[in-house]
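First the structure, in the form of structure tokens, and then the observations on it.
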Amino acid sequence: MRRLWIWLAVLAAAALLMAGCGEGKQEGGTITVWAFNDEFDQMIPMFEEAYPNIKVEFTKIPSDEIVTKLEAVLETGVGVPDVFVGEQAWVKRWIDMDVWENLSAEPYNAEELAKDHFEYVKDYVRDKDGNLRALTWQATPGAVFYRRSLAKEAFGTDDPEEISAMMKDMDSFIEMGRTLKEKTGAALVPGVNDIQRLFFFNKKQPWVVDGKLVIEDIVLEFLDVAKTLRDEGLDGKLDMWTDEWFTGMNGNVFSYVLPTWGLFFVLEPNAEEVFGDWAAAHGPASYMWGGTWLGIAKASQNKALAWEFVKYITTNKEFLKKWALESGDFVSDMAVVEEIVGDYSREFLGGQNHYAYFYEEAKRLGASGWAERVTAYDEDIQNSFLEALQEYVVGNKTREEALEYFKELVKTQYPEITVE
Amino acid sequence: MRKKENYGYLFIAPFFIVFILLQLYPIIYTFYLSFTNLSSANPGGEWVGWANYARLLTDQFFHKSIVNTWRIWIMNFIPQLIFAVMLAAILTRARIRGASIFRGIYFLPNLVTAASVGILFNVMLGWQSGTINQILVALGIIDEANKIHFLASGAWTSTFVSLILWWMWFGHSMILFMAAMVAVPQEYYDAAAVDGAGAWQSFWKITLPLIRPIMIYVLVTSLIGGLNNFDIPFVIGEGQNLGTGGPEKSILTMVMHMYNLAFTAGRQRGYAAAIAVTLFVMVLIFSLIIFKLMTRREEMAGRVLPRP
């Protein structure tokens, strides 16, 4: 009799499971995920709680190794993870290599699910036919974070609106640097590389058009502005990411040009001595920096399960809301942002609502249309440009020599690009 | 009987299987790749004949990297040799208290990983708050406004890389020389002393000729390491805004140039393979030249002073 009960229970459980399948729910299984981000340590347990039948095997690979490792498996086609990430600097590589599923098509239909996402986070990962190849849970609009006390001393106000209005274009920004130097002795920015995005995001064309390198006036202006800043002593002479650069946050530097994650992971942990003395302003150009997208490998054998994972992390509004509230991360979904933007007040920014600030900045960024101008070459070309710019700024090369040097670097790295 | 002989092949097979799979095959494949245009622009990799080698002739960064590699190696090797031999002689011949402690201290830098050395020197060579600059300011040698931007100057950066390599490796060479010097029989020195030779003469006439085989060994291994130099210049250059290769590409070595081409930007595996092959040939030729030169001298030395 007892045995009969057990059998009945087993049958009932099986029936339930099958009913579940009938409703379109997935059968269980294991998927593999490769990423460099610490966030997944918290995200994956949240996903597994919501989807107990799917187990995620997560491999964390340091960010300076992950591209090489992924390229190796993608080229050979052996051991490709079901889901892997693309960071802003190299996500275009995967799209050009055509290794990710087309999420705009059946059975994913991601366009509908991601309809509330900021346009630019989608445009950034569209292939040449306009199809979505990846999705992200975050948006990473930028800001010019400045020191309130120095602003008051030099400009008589520390109000983000007024400061934003003052730095509306590059000339006024430099002029602010001169005032700052005169009145407080502080540097406008830590170093000349810090302001790169304020120029690169104002470009009107891609770096490479029809296989030819395009050097726009705006990047030449960057060359001249950088030289001016250094020669007039308006920058802090600090190289990015060095110890001195971090120390500068507590010292005599007025502003740091950083995005969302720069606030949480760079400024707040390092600028402890001047905690609360900061605010975010809109700089001379809207920009974004960083951000990670998730895509499903074409080579995956578990696409349905992999999609559940990507779908949950990037488009499940409940999850996104929970994630935003728990981590403070700025999420990609405007509807979720609208819902929680209301009464944020960041202590580090003297009570300013950083969520409202980033929301505004992300909308401006979307309107600038830059995402369609980005190519897979950009990151390397811009690094070469910065290399040449440094040689010019420190006085190793003249302006003409630096430009020639830049072209030579591009030619060496990408022989297929025509350089004139 | 025949069967027994064949066992030998079985026992040496593991080495040859591993060697063929993990060394010989990649070497041959590299030769093959150097004749293709494999890169992210040409994922198929078509046969291009000698085109990659022709490009080497016009690649100014490659030319620069050859000069850099030799300059960095020579500027580190000459002081390294002098220091290592001198210290080895002092620590073996003179009876210094705590000789083994000094030996340990001199060898210590060799145990530090390249990444740590990179961070250490990046902090020391920093511009606005670098250790060296702060010391110079404190001593009144330079003033606050004229701090030296070491890592923006090709000459300084290259010199410091040589200095780091010297610092890391003289202890290692010293230990090898000490081992060689201990092996020189005491009788020679006694005999020389009886004939009225001073310490200086014994050193030149006895010690140096007898440690020559070790010197060849040190020279050849250092040359091979020097031509393959990568890690220290890479970590020093990496922290800088000037990109890998340092200011004016002054610390771009041949291997670093190959790495940059093969694993960054355009992933030009084919062209990078051509650099690898050129480097291989270069190491081979110079090692052979050194062996030839030194063994001839060895024979001459042998005639003057037969070894026991």
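Residues in the structure tokens are named by chain (A, B, ... in the order shown) and by number from 1 within that chain; ligands are numbered from 1 in the order shown.
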
- Task: Please determine the contact residues of chain B with respect to chain A at a cut-off of 10 Å, counting only C-alpha atoms, and supply them as a VMD selection string.
- Result: chain B and resid 39 to 43 59 to 62 119 122 to 123 126 to 130 149 152 to 154 239 to 244 246 to 249 260 to 268

Selection above as a file: C-alpha atoms, as a PDB file, in the first residue's frame:
ATOM      1  CA  SER B  39      44.927  37.882 -39.693  1.00  0.00           C
ATOM      2  CA  SER B  40      41.514  39.014 -38.521  1.00  0.00           C
ATOM      3  CA  ALA B  41      41.068  40.646 -41.944  1.00  0.00           C
ATOM      4  CA  ASN B  42      41.963  37.350 -43.677  1.00  0.00           C
ATOM      5  CA  PRO B  43      40.735  34.593 -41.372  1.00  0.00           C
ATOM      6  CA  ASP B  59      58.680  48.027 -41.226  1.00  0.00           C
ATOM      7  CA  GLN B  60      60.314  50.879 -39.326  1.00  0.00           C
ATOM      8  CA  PHE B  61      59.035  49.601 -35.981  1.00  0.00           C
ATOM      9  CA  PHE B  62      60.680  46.255 -36.640  1.00  0.00           C
ATOM     10  CA  ILE B 119      54.853  48.047 -10.475  1.00  0.00           C
ATOM     11  CA  ASN B 122      56.580  52.501 -12.165  1.00  0.00           C
ATOM     12  CA  VAL B 123      56.118  53.901  -8.668  1.00  0.00           C
ATOM     13  CA  GLY B 126      56.613  58.353 -11.413  1.00  0.00           C
ATOM     14  CA  TRP B 127      56.527  61.976 -12.449  1.00  0.00           C
ATOM     15  CA  GLN B 128      54.726  64.164  -9.901  1.00  0.00           C
ATOM     16  CA  SER B 129      55.077  61.901  -6.864  1.00  0.00           C
ATOM     17  CA  GLY B 130      57.588  59.306  -8.006  1.00  0.00           C
ATOM     18  CA  HIS B 149      59.334  62.835 -16.521  1.00  0.00           C
ATOM     19  CA  ALA B 152      58.252  60.135 -21.257  1.00  0.00           C
ATOM     20  CA  SER B 153      61.857  60.058 -22.364  1.00  0.00           C
ATOM     21  CA  GLY B 154      63.077  57.251 -24.588  1.00  0.00           C
ATOM     22  CA  GLY B 239      51.594  51.319 -17.102  1.00  0.00           C
ATOM     23  CA  GLN B 240      52.221  54.302 -19.302  1.00  0.00           C
ATOM     24  CA  ASN B 241      49.990  56.351 -21.515  1.00  0.00           C
ATOM     25  CA  LEU B 242      52.527  55.885 -24.275  1.00  0.00           C
ATOM     26  CA  GLY B 243      51.364  52.355 -24.881  1.00  0.00           C
ATOM     27  CA  THR B 244      53.388  49.197 -25.118  1.00  0.00           C
ATOM     28  CA  GLY B 246      57.305  53.045 -24.202  1.00  0.00           C
ATOM     29  CA  PRO B 247      58.065  56.616 -25.251  1.00  0.00           C
ATOM     30  CA  GLU B 248      59.249  56.882 -28.850  1.00  0.00           C
ATOM     31  CA  LYS B 249      58.948  53.071 -28.931  1.00  0.00           C
ATOM     32  CA  ASN B 260      51.586  43.261 -30.499  1.00  0.00           C
ATOM     33  CA  LEU B 261      51.061  42.222 -34.100  1.00  0.00           C
ATOM     34  CA  ALA B 262      49.881  38.695 -33.349  1.00  0.00           C
ATOM     35  CA  PHE B 263      47.672  39.266 -30.308  1.00  0.00           C
ATOM     36  CA  THR B 264      46.388  42.835 -30.461  1.00  0.00           C
ATOM     37  CA  ALA B 265      44.587  44.978 -33.030  1.00  0.00           C
ATOM     38  CA  GLY B 266      44.612  43.249 -36.441  1.00  0.00           C
ATOM     39  CA  ARG B 267      45.848  39.836 -35.185  1.00  0.00           C
ATOM     40  CA  GLN B 268      48.379  39.556 -38.014  1.00  0.00           C
TER      41      GLN B 268
END

- Message: Excluding Phe107 in chain B and its own-chain neighbours fewer than 4 positions away, which residues fall within 7 Å of it when counting only C-alpha atoms? Please give them as a list of chain:residue names.
- Response: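 The contact residues come out as B:Arg103, B:Gly171, B:His172.
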
Could those selected residues go to a file with N, CA and C atoms, as a PDB file, in the first residue's frame?
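The result, written out as result08.pdb:
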ATOM      1  N   ARG B 103      75.537  36.650  -0.840  1.00  0.00           N
ATOM      2  CA  ARG B 103      75.170  35.863  -2.008  1.00  0.00           C
ATOM      3  C   ARG B 103      73.649  35.806  -2.133  1.00  0.00           C
ATOM      4  N   GLY B 171      73.160  38.818  -9.917  1.00  0.00           N
ATOM      5  CA  GLY B 171      73.278  37.844  -8.837  1.00  0.00           C
ATOM      6  C   GLY B 171      73.270  36.419  -9.358  1.00  0.00           C
ATOM      7  N   HIS B 172      72.450  36.195 -10.353  1.00  0.00           N
ATOM      8  CA  HIS B 172      72.336  34.879 -10.966  1.00  0.00           C
ATOM      9  C   HIS B 172      73.662  34.491 -11.621  1.00  0.00           C
TER      10      HIS B 172
END

- Task: Fewer than 5 positions away in the same chain doesn't count, so skip those; otherwise give me all residues within 10 Å of range 143-154 of chain A, counting only C-alpha atoms, as number ranges by chain.
- Result: A: 159-160, 163-164, 167, 176-186, 188-189, 195, 198, 249-250, 252-260, 262-263, 267, 274-289, 349-350, 354, 357-358, 361

- Task: Work out how far apart CA of Asn228 in chain B and CA of Leu81 in chain B are and give it in Å to one decimal.
- Result: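 Here the two named atoms are 18.9 Å from each other.
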
- Task: Name the closest residue to Asn52 in chain B among the candidates B:Leu38, B:Lys64, B:Ser116, B:Ala13; distances are taken between atoms, counting only C-alpha atoms.
- Result: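 Ranking B:Leu38, B:Lys64, B:Ser116, B:Ala13 by distance to Asn52 in chain B, first place goes to B:Leu38.
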
- Surrounding residues of range 174-187 of chain B excluding itself and chain neighbours under 3 positions, 9 Å, only C-alpha atoms, as a PyMOL selection string: chain B and resi 80-81+83-89+91-93+103+106-107+169-171+190-192+206-208+210-215+218+308

Emit the selected residues as a CSV table (one decimal), in the first residue's frame, including C-alpha atoms.
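What ended up in out06.csv:
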chain,number,residue,atom,x,y,z
B,80,GLN,CA,76.3,42.5,-15.4
B,81,LEU,CA,79.4,40.6,-16.4
B,83,PHE,CA,79.8,43.0,-11.4
B,84,ALA,CA,79.2,39.3,-11.4
B,85,VAL,CA,82.8,38.4,-11.9
B,86,MET,CA,84.1,40.9,-9.4
B,87,LEU,CA,81.7,40.0,-6.7
B,88,ALA,CA,82.2,36.3,-7.3
B,89,ALA,CA,86.0,36.8,-7.0
B,91,LEU,CA,83.2,36.4,-2.2
B,92,THR,CA,85.2,33.3,-3.1
B,93,ARG,CA,88.8,34.4,-2.7
B,103,ARG,CA,75.2,35.9,-2.0
B,106,TYR,CA,72.4,39.6,-4.6
B,107,PHE,CA,70.4,36.7,-5.9
B,169,TRP,CA,70.5,39.1,-13.3
B,170,PHE,CA,73.9,39.9,-11.9
B,171,GLY,CA,73.3,37.8,-8.8
B,190,ASP,CA,99.7,28.6,-4.1
B,191,ALA,CA,102.1,28.0,-6.9
B,192,ALA,CA,101.5,31.5,-8.3
B,206,ILE,CA,94.5,32.0,-13.3
B,207,THR,CA,90.9,32.7,-12.4
B,208,LEU,CA,89.6,34.3,-15.6
B,210,LEU,CA,89.7,28.9,-16.0
B,211,ILE,CA,86.2,30.2,-15.7
B,212,ARG,CA,86.0,30.8,-19.4
B,213,PRO,CA,83.6,27.9,-20.2
B,214,ILE,CA,81.2,29.3,-17.7
B,215,MET,CA,81.5,32.7,-19.2
B,218,VAL,CA,76.5,32.9,-19.3
B,308,PRO,CA,94.0,18.9,-14.4

- If you measure from CA of Lys60 in chain A to CA of Val33 in chain A, what distance in Å do you get, rounded to one decimal? 8.4 Å

- Task: Within 10 Å of range 336-339 of chain A, counting only C-alpha atoms, which residues show up once you throw out same-chain ones fewer than 2 positions away? Write them as a VMD selection string, please.
- Result: chain A and resid 116 to 117 316 to 322 324 330 to 334 341 to 342 355 to 356 358 to 359

- In Å, how far is it from CA of Ile275 in chain B to CA of Phe77 in chain B?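 CA of Phe77 in chain B lies 23.9 Å from CA of Ile275 in chain B.
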
- Query: When DSSP works through the backbone of this structure, what residues of range 122-171 of chain B end up as helix (DSSP H, G or I), shown as a VMD selection string?
  - Reply: chain B and resid 122 to 124 131 to 138 144 to 146 150 to 152 154 to 171

Residues just named, written with C-alpha atoms as an mmCIF file, in the first residue's frame:
data_model
loop_
_atom_site.group_PDB
_atom_site.id
_atom_site.type_symbol
_atom_site.label_atom_id
_atom_site.label_comp_id
_atom_site.auth_asym_id
_atom_site.auth_seq_id
_atom_site.Cartn_x
_atom_site.Cartn_y
_atom_site.Cartn_z
ATOM 1 C CA ASN B 122 56.580 52.501 -12.165
ATOM 2 C CA VAL B 123 56.118 53.901 -8.668
ATOM 3 C CA MET B 124 59.773 54.825 -8.367
ATOM 4 C CA THR B 131 60.103 58.165 -5.407
ATOM 5 C CA ILE B 132 63.190 59.194 -7.337
ATOM 6 C CA ASN B 133 61.803 62.636 -8.133
ATOM 7 C CA GLN B 134 60.863 63.208 -4.503
ATOM 8 C CA ILE B 135 64.322 62.237 -3.361
ATOM 9 C CA LEU B 136 65.905 64.579 -5.919
ATOM 10 C CA VAL B 137 63.654 67.420 -4.752
ATOM 11 C CA ALA B 138 64.364 66.708 -1.088
ATOM 12 C CA GLU B 144 59.445 71.144 -7.505
ATOM 13 C CA ALA B 145 58.489 72.538 -10.923
ATOM 14 C CA ASN B 146 61.203 70.715 -12.853
ATOM 15 C CA PHE B 150 61.481 59.711 -16.804
ATOM 16 C CA LEU B 151 58.863 57.590 -18.506
ATOM 17 C CA ALA B 152 58.252 60.135 -21.257
ATOM 18 C CA GLY B 154 63.077 57.251 -24.588
ATOM 19 C CA ALA B 155 66.650 57.482 -23.307
ATOM 20 C CA TRP B 156 65.692 57.320 -19.630
ATOM 21 C CA THR B 157 63.169 54.522 -20.106
ATOM 22 C CA SER B 158 65.562 52.365 -22.096
ATOM 23 C CA THR B 159 68.352 52.983 -19.570
ATOM 24 C CA PHE B 160 66.123 52.013 -16.679
ATOM 25 C CA VAL B 161 65.044 48.816 -18.401
ATOM 26 C CA SER B 162 68.724 47.861 -18.825
ATOM 27 C CA LEU B 163 69.318 48.804 -15.206
ATOM 28 C CA ILE B 164 66.451 46.585 -14.033
ATOM 29 C CA LEU B 165 67.741 43.657 -16.061
ATOM 30 C CA TRP B 166 71.216 44.181 -14.661
ATOM 31 C CA TRP B 167 69.823 44.335 -11.122
ATOM 32 C CA MET B 168 67.777 41.183 -11.657
ATOM 33 C CA TRP B 169 70.472 39.106 -13.296
ATOM 34 C CA PHE B 170 73.930 39.947 -11.927
ATOM 35 C CA GLY B 171 73.278 37.844 -8.837
#
